[in-house]
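Asker: Here you go, structure_7.txt (compact mmCIF, C-alpha atoms):
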```
# COMPACT_ATOMS: atom_id res chain seq x y z
CA MET G 24 65.85 56.37 -20.13
CA LYS G 25 63.00 58.52 -21.37
CA SER G 26 63.39 59.70 -24.94
CA GLU G 27 62.52 63.05 -26.51
CA LYS G 28 59.56 61.45 -28.34
CA GLY G 29 57.60 60.95 -25.11
CA GLU G 30 58.31 57.23 -24.78
CA LYS G 31 57.94 55.63 -21.38
CA ALA G 32 61.03 55.34 -19.22
CA LYS G 33 62.85 52.03 -19.25
CA LEU G 34 61.93 49.88 -16.24
CA TYR G 35 64.71 47.95 -14.53
CA ILE G 36 64.49 44.55 -12.93
CA ARG G 37 68.19 44.92 -12.28
CA TYR G 38 69.30 48.51 -11.69
CA PRO G 39 72.72 49.53 -12.98
CA LEU G 40 75.43 49.46 -10.33
CA SER G 41 75.91 53.22 -10.79
CA SER G 42 72.31 53.87 -9.69
CA VAL G 43 72.70 51.62 -6.64
CA LEU G 44 75.94 53.39 -5.70
CA ILE G 45 74.45 56.88 -6.13
CA TYR G 46 71.48 55.92 -3.96
CA ASN G 47 73.49 54.29 -1.17
CA VAL G 48 76.44 56.67 -1.08
CA SER G 49 74.13 59.69 -0.86
CA THR G 50 72.08 57.95 1.84
CA ILE G 51 75.10 56.98 3.93
CA LEU G 52 76.59 60.48 3.58
CA HIS G 53 73.25 62.00 4.59
CA PHE G 54 73.00 59.85 7.73
CA LEU G 55 76.65 60.29 8.77
CA MET G 56 76.77 64.03 8.11
CA GLY G 57 73.42 64.45 9.84
CA GLY G 58 74.78 62.67 12.91
CA ILE G 59 77.96 64.74 12.86
CA GLY G 60 75.90 67.92 12.50
CA ILE G 61 73.74 67.00 15.49
CA ALA G 62 76.79 66.10 17.59
CA LEU G 63 78.63 69.29 16.60
CA GLY G 64 75.58 71.50 16.99
CA TYR G 65 74.92 70.36 20.52
CA SER G 66 78.57 69.97 21.55
CA PHE G 67 78.11 72.55 24.31
CA SER G 68 76.66 69.57 26.20
CA LEU G 69 79.15 66.85 25.37
CA TRP G 70 76.94 63.94 26.42
CA ALA G 71 73.85 65.31 24.66
CA GLY G 72 75.59 66.14 21.40
CA TYR G 73 77.30 62.80 20.98
CA THR G 74 74.37 60.83 22.37
CA PHE G 75 71.79 62.37 20.02
CA GLY G 76 74.16 62.36 17.06
CA ILE G 77 75.01 58.68 17.50
CA LEU G 78 71.39 57.81 18.28
CA TYR G 79 70.25 59.49 15.06
CA VAL G 80 72.84 57.62 12.97
CA VAL G 81 72.02 54.25 14.54
CA LEU G 82 68.24 54.68 14.24
CA SER G 83 68.51 55.88 10.64
CA PHE G 84 70.69 52.99 9.57
CA VAL G 85 68.48 50.49 11.41
CA GLU G 86 65.32 51.96 9.85
CA LEU G 87 66.63 51.78 6.30
CA TYR G 88 68.98 48.80 6.33
CA VAL G 89 67.15 46.50 8.81
CA VAL G 90 63.49 47.51 9.19
CA MET G 91 62.86 48.06 5.47
CA PRO G 92 64.37 44.70 4.39
CA LEU G 93 62.34 42.94 7.09
CA THR G 94 58.99 44.67 6.59
CA VAL G 95 58.74 46.33 3.16
CA CYS G 96 61.11 44.52 0.81
CA PRO G 97 59.58 41.03 1.20
CA ASN G 98 56.34 42.42 -0.29
CA CYS G 99 58.04 44.06 -3.27
CA LEU G 100 58.27 42.47 -6.70
CA TYR G 101 62.07 42.92 -6.57
CA TYR G 102 62.16 40.35 -3.77
CA GLN G 103 60.45 37.77 -5.96
CA ALA G 104 61.94 38.57 -9.36
CA LYS G 105 64.84 36.36 -10.43
CA ASP G 106 68.26 38.07 -10.57
CA SER G 107 66.69 41.40 -9.55
CA LEU G 108 68.43 44.36 -7.96
CA CYS G 109 66.42 47.33 -6.76
CA VAL G 110 67.91 50.81 -6.63
CA SER G 111 68.81 50.46 -2.95
CA GLY G 112 69.97 46.86 -3.26
CA LEU G 113 67.93 46.05 -0.17
CA ASN G 114 66.02 43.28 -1.95
CA VAL G 115 69.24 41.24 -1.97
CA LEU G 116 69.67 41.72 1.79
CA SER G 117 65.98 41.06 2.38
CA LYS G 118 66.18 37.69 0.64
CA ARG G 119 68.82 36.68 3.18
CA ILE G 120 67.07 37.86 6.35
CA ALA G 121 63.32 37.73 5.68
CA LYS G 122 60.79 35.34 4.23
CA GLU G 123 58.84 36.24 1.12
CA GLY G 124 55.79 38.42 1.68
CA ASP G 125 52.73 39.35 -0.34
CA GLN G 126 52.86 41.91 -3.17
CA LYS G 127 49.20 42.72 -2.53
CA VAL G 128 50.17 44.50 0.72
CA PHE G 129 53.16 46.38 -0.71
CA HIS G 130 51.14 49.60 -0.89
CA GLN G 131 50.77 49.50 2.91
CA ARG G 132 54.31 50.80 3.20
CA ALA G 133 52.64 54.24 3.19
CA ALA G 134 49.74 53.44 5.53
CA GLY G 135 49.68 54.93 9.01
CA LEU G 136 51.61 57.52 10.95
CA PHE G 137 54.60 55.27 11.69
CA CYS G 138 54.69 53.56 8.30
CA ALA G 139 57.96 52.74 6.56
CA ASN G 140 57.67 55.71 4.18
CA ASN G 141 57.15 58.22 7.01
CA LEU G 142 60.00 56.77 9.08
CA TYR G 143 62.30 56.98 6.08
CA ILE G 144 61.35 60.60 5.37
CA ALA G 145 61.79 61.40 9.07
CA SER G 146 65.29 59.93 9.01
CA LEU G 147 66.14 62.35 6.20
CA VAL G 148 64.49 65.45 7.68
CA VAL G 149 65.36 65.09 11.40
CA PRO G 150 68.99 66.21 11.15
CA ILE G 151 68.01 69.34 9.25
CA LEU G 152 65.36 70.23 11.82
CA ALA G 153 67.76 69.41 14.67
CA MET G 154 70.53 71.58 13.24
CA ILE G 155 68.38 74.73 12.86
CA PRO G 156 68.20 75.49 16.61
CA ALA G 157 71.80 74.34 16.97
CA LEU G 158 72.85 76.94 14.39
CA ILE G 159 71.12 79.63 16.43
CA ILE G 160 72.45 78.49 19.81
CA ASN G 161 75.90 77.25 18.84
CA PHE G 162 76.76 78.76 15.46
CA SER G 163 79.94 77.74 13.68
CA ALA G 164 81.02 77.81 10.07
CA ALA G 165 81.57 74.02 10.17
CA LEU G 166 78.02 73.44 11.42
CA LEU G 167 76.62 75.74 8.74
CA LEU G 168 78.53 73.85 6.03
CA ILE G 169 77.29 70.50 7.33
CA PHE G 170 73.73 71.84 7.49
CA LEU G 171 73.95 73.07 3.90
CA ALA G 172 75.46 69.77 2.74
CA VAL G 173 72.72 67.70 4.41
CA ALA G 174 70.03 70.02 2.99
CA ALA G 175 71.64 69.70 -0.46
CA LEU G 176 71.65 65.89 -0.14
CA LEU G 177 67.95 65.98 0.75
CA LEU G 178 67.17 68.16 -2.26
CA PHE G 179 69.34 65.94 -4.46
CA ARG G 180 67.33 62.93 -3.29
CA PHE G 181 63.93 64.59 -3.87
CA PHE G 182 64.73 66.24 -7.21
CA ILE G 183 67.26 63.87 -8.81
CA ILE G 184 67.42 60.44 -7.18
CA PHE G 185 63.72 59.72 -6.66
CA PRO G 186 62.23 61.19 -9.86
CA LYS G 187 65.11 60.57 -12.30
CA ILE G 188 67.15 57.60 -11.05
CA ALA G 189 65.04 55.51 -8.69
CA CYS G 190 61.26 55.80 -9.02
CA LEU G 191 61.20 56.60 -12.72
CA HIS G 192 62.79 53.26 -13.64
CA CYS G 193 61.29 51.12 -10.87
CA SER G 194 59.35 48.06 -11.98
CA ALA G 195 57.18 48.39 -8.85
CA LYS G 196 56.15 51.98 -9.62
CA TYR G 197 52.62 50.98 -10.62
CA LYS G 198 51.98 49.63 -7.10
CA CYS G 199 54.24 51.85 -5.02
CA PRO G 200 52.73 54.84 -3.21
CA GLN G 201 56.09 56.63 -3.30
CA ALA G 202 56.16 56.49 -7.11
CA GLU G 203 52.65 57.88 -7.17
CA ALA G 204 53.69 60.73 -4.86
CA MET G 205 56.68 61.45 -7.10
CA GLY G 206 54.38 61.62 -10.12
CA VAL G 207 56.37 59.13 -12.21
CA ARG G 208 53.80 56.36 -12.72
CA ASN G 209 52.84 57.47 -16.21
CA GLN G 210 56.31 58.45 -17.38
```
Do you think you could lay out the structure here as structure tokens?
Answerer:
Amino acid sequence: MKSEKGEKAKLYIRYPLSSVLIYNVSTILHFLMGGIGIALGYSFSLWAGYTFGILYVVLSFVELYVVMPLTVCPNCLYYQAKDSLCVSGLNVLSKRIAKEGDQKVFHQRAAGLFCANNLYIASLVVPILAMIPALIINFSAALLLIFLAVAALLLFRFFIIFPKIACLHCSAKYKCPQAEAMGVRNQ
């Protein structure tokens, strides 16, 4: 942790289990509640609501828990470090399903329109954007509560998880474009 004297934050090679749980539970809740919100919001067309809700959940889980371990994680230092555990725990999965990559290209995770970073952010923002018209067209108190919960989870991720739990303590923060965007490289 960062002390009052302005010391640098402790970097983890092995994140505490509590950090991994906070990250993954909030992510899974975000994806599931987002899918439920989309399905409920567009329930006036039964096939559309369930189809888009399920499609969102599947694509979000695949993007984070399959695409990232196959394309981004092999290039991260957590893949190569002995007994390491990143905040998402995906380096452990990646070691089982992907071959080791090159740390020199890790920064490319933020290069291009359809890069891993943008797809991840899209998976977090899409349900919120999808629920806004649904609230106007098919308002319900349940949908409003789900919308507020998903928005709160997004804010929690951007203001607590990334800057205080994940990126601040990440050993890859000096190479990671996400850590640079969060402004935690020098903390």
Asker: For G:Ile155, find every residue with an atom within 12 Å (counting all atoms listed in the file), except residues of its own chain fewer than 3 positions away, and show them as a list in words.
Answerer: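 What passes the distance filter is Gly57, Gly60, Ile61, Gly64, Tyr65, Val148, Val149, Pro150, Ile151, Leu152, Leu158, Ile159, Ile160, Asn161, Phe162, Ser163, Leu166, Leu167, Ile169, Phe170, Leu171, Val173 and Ala174 of chain G.
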Asker: In Å, rounded to a single decimal, give me how far atom CA of G:Gln103 is from atom CA of G:Phe181.
Answerer: 27.1 Å
Asker: Applying 12 Å and all atoms listed in the file, which residues near G:Gly124 remain after dropping the ones on its own chain fewer than 3 positions away? List them as an mmCIF file with C-alpha atoms, keeping the file's coordinate frame.
Answerer:
```cif
data_model
loop_
_atom_site.group_PDB
_atom_site.id
_atom_site.type_symbol
_atom_site.label_atom_id
_atom_site.label_comp_id
_atom_site.auth_asym_id
_atom_site.auth_seq_id
_atom_site.Cartn_x
_atom_site.Cartn_y
_atom_site.Cartn_z
ATOM 1 C CA PRO G 92 64.370 44.700 4.390
ATOM 2 C CA LEU G 93 62.340 42.940 7.090
ATOM 3 C CA THR G 94 58.990 44.670 6.590
ATOM 4 C CA VAL G 95 58.740 46.330 3.160
ATOM 5 C CA CYS G 96 61.110 44.520 0.810
ATOM 6 C CA PRO G 97 59.580 41.030 1.200
ATOM 7 C CA ASN G 98 56.340 42.420 -0.290
ATOM 8 C CA CYS G 99 58.040 44.060 -3.270
ATOM 9 C CA LEU G 100 58.270 42.470 -6.700
ATOM 10 C CA TYR G 101 62.070 42.920 -6.570
ATOM 11 C CA TYR G 102 62.160 40.350 -3.770
ATOM 12 C CA GLN G 103 60.450 37.770 -5.960
ATOM 13 C CA ASN G 114 66.020 43.280 -1.950
ATOM 14 C CA SER G 117 65.980 41.060 2.380
ATOM 15 C CA LYS G 118 66.180 37.690 0.640
ATOM 16 C CA ALA G 121 63.320 37.730 5.680
ATOM 17 C CA LYS G 127 49.200 42.720 -2.530
ATOM 18 C CA VAL G 128 50.170 44.500 0.720
ATOM 19 C CA PHE G 129 53.160 46.380 -0.710
#
```
Asker: Find the residues around G:Ile36 up to 12 Å (only C-alpha atoms counted), leave out those fewer than 4 positions away in its own chain, and share them as a PDB file with C-alpha atoms, in the coordinates of the input.
Answerer:
```
ATOM      1  CA  CYS G  99      58.040  44.060  -3.270  1.00  0.00           C
ATOM      2  CA  LEU G 100      58.270  42.470  -6.700  1.00  0.00           C
ATOM      3  CA  TYR G 101      62.070  42.920  -6.570  1.00  0.00           C
ATOM      4  CA  TYR G 102      62.160  40.350  -3.770  1.00  0.00           C
ATOM      5  CA  GLN G 103      60.450  37.770  -5.960  1.00  0.00           C
ATOM      6  CA  ALA G 104      61.940  38.570  -9.360  1.00  0.00           C
ATOM      7  CA  LYS G 105      64.840  36.360 -10.430  1.00  0.00           C
ATOM      8  CA  ASP G 106      68.260  38.070 -10.570  1.00  0.00           C
ATOM      9  CA  SER G 107      66.690  41.400  -9.550  1.00  0.00           C
ATOM     10  CA  LEU G 108      68.430  44.360  -7.960  1.00  0.00           C
ATOM     11  CA  CYS G 109      66.420  47.330  -6.760  1.00  0.00           C
ATOM     12  CA  VAL G 110      67.910  50.810  -6.630  1.00  0.00           C
ATOM     13  CA  GLY G 112      69.970  46.860  -3.260  1.00  0.00           C
ATOM     14  CA  ASN G 114      66.020  43.280  -1.950  1.00  0.00           C
ATOM     15  CA  ALA G 189      65.040  55.510  -8.690  1.00  0.00           C
ATOM     16  CA  HIS G 192      62.790  53.260 -13.640  1.00  0.00           C
ATOM     17  CA  CYS G 193      61.290  51.120 -10.870  1.00  0.00           C
ATOM     18  CA  SER G 194      59.350  48.060 -11.980  1.00  0.00           C
ATOM     19  CA  ALA G 195      57.180  48.390  -8.850  1.00  0.00           C
ATOM     20  CA  LYS G 196      56.150  51.980  -9.620  1.00  0.00           C
TER      21      LYS G 196
END
```
Asker: Between atom CA of G:Gln201 and atom CA of G:Ala134, what is the distance in Å, rounded to a tenth?
Answerer: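 Separating atom CA of G:Gln201 from atom CA of G:Ala134 is a distance of 11.3 Å.
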Asker: With only C-alpha atoms as the atoms that count, which of G:Gly206, G:Pro39, G:Pro200, G:Gly72 lies nearest to G:Cys138?
Answerer: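 Ranked by minimum distance to G:Cys138, first place goes to G:Pro200.
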Asker: Just need the box for stretch 134-139 of chain G, edges along x, y and z, holding every atom the file lists for it with 4 Å tacked onto each side, so centre and edge lengths in Å to one decimal, as JSON.
Answerer:
```
{"center_x": 53.8, "center_y": 55.1, "center_z": 8.6, "size_x": 16.3, "size_y": 12.8, "size_z": 14.2}
```
Asker: Need the shell around G:Ser146: protein/DNA/RNA residues with any atom at most 9 Å away, counting all atoms listed in the file. Skip same-chain ones fewer than 2 positions apart. Format as a ChimeraX atom specification?
Answerer: /G:54,79-80,82-84,86-87,141-144,148-150
Asker: Using all atoms listed in the file, which of G:Leu116, G:Leu69, G:Cys199, G:Ile77 sits nearest G:Arg132?
Answerer: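 Closest candidate: G:Cys199.
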Asker: So, counting all atoms listed in the file, which residue among G:Ala202, G:Ile184, G:Ala133, G:Ala164 is closest to G:Thr50?
Answerer: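 That would be G:Ile184, the residue with the smallest distance to G:Thr50.
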Asker: Do you have the atom CA of G:Ala145-atom CA of G:Leu113 distance handy?
Answerer: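 Calculated distance between atom CA of G:Ala145 and atom CA of G:Leu113 is 18.9 Å.
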Asker: From the options G:Ala153, G:Val207, G:Leu176, G:Val115, which residue's atoms come nearest to G:Arg37, counting only C-alpha atoms?
Answerer: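 For G:Arg37, the nearest of the given residues is G:Val115.
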Asker: Compare G:His53, G:His130, G:Lys33, G:Arg119 by their minimum atom-to-atom distance to G:Tyr197, counting all atoms listed in the file, and give me the closest one.
Answerer: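 Among G:His53, G:His130, G:Lys33, G:Arg119, it is G:His130 that comes nearest to G:Tyr197.
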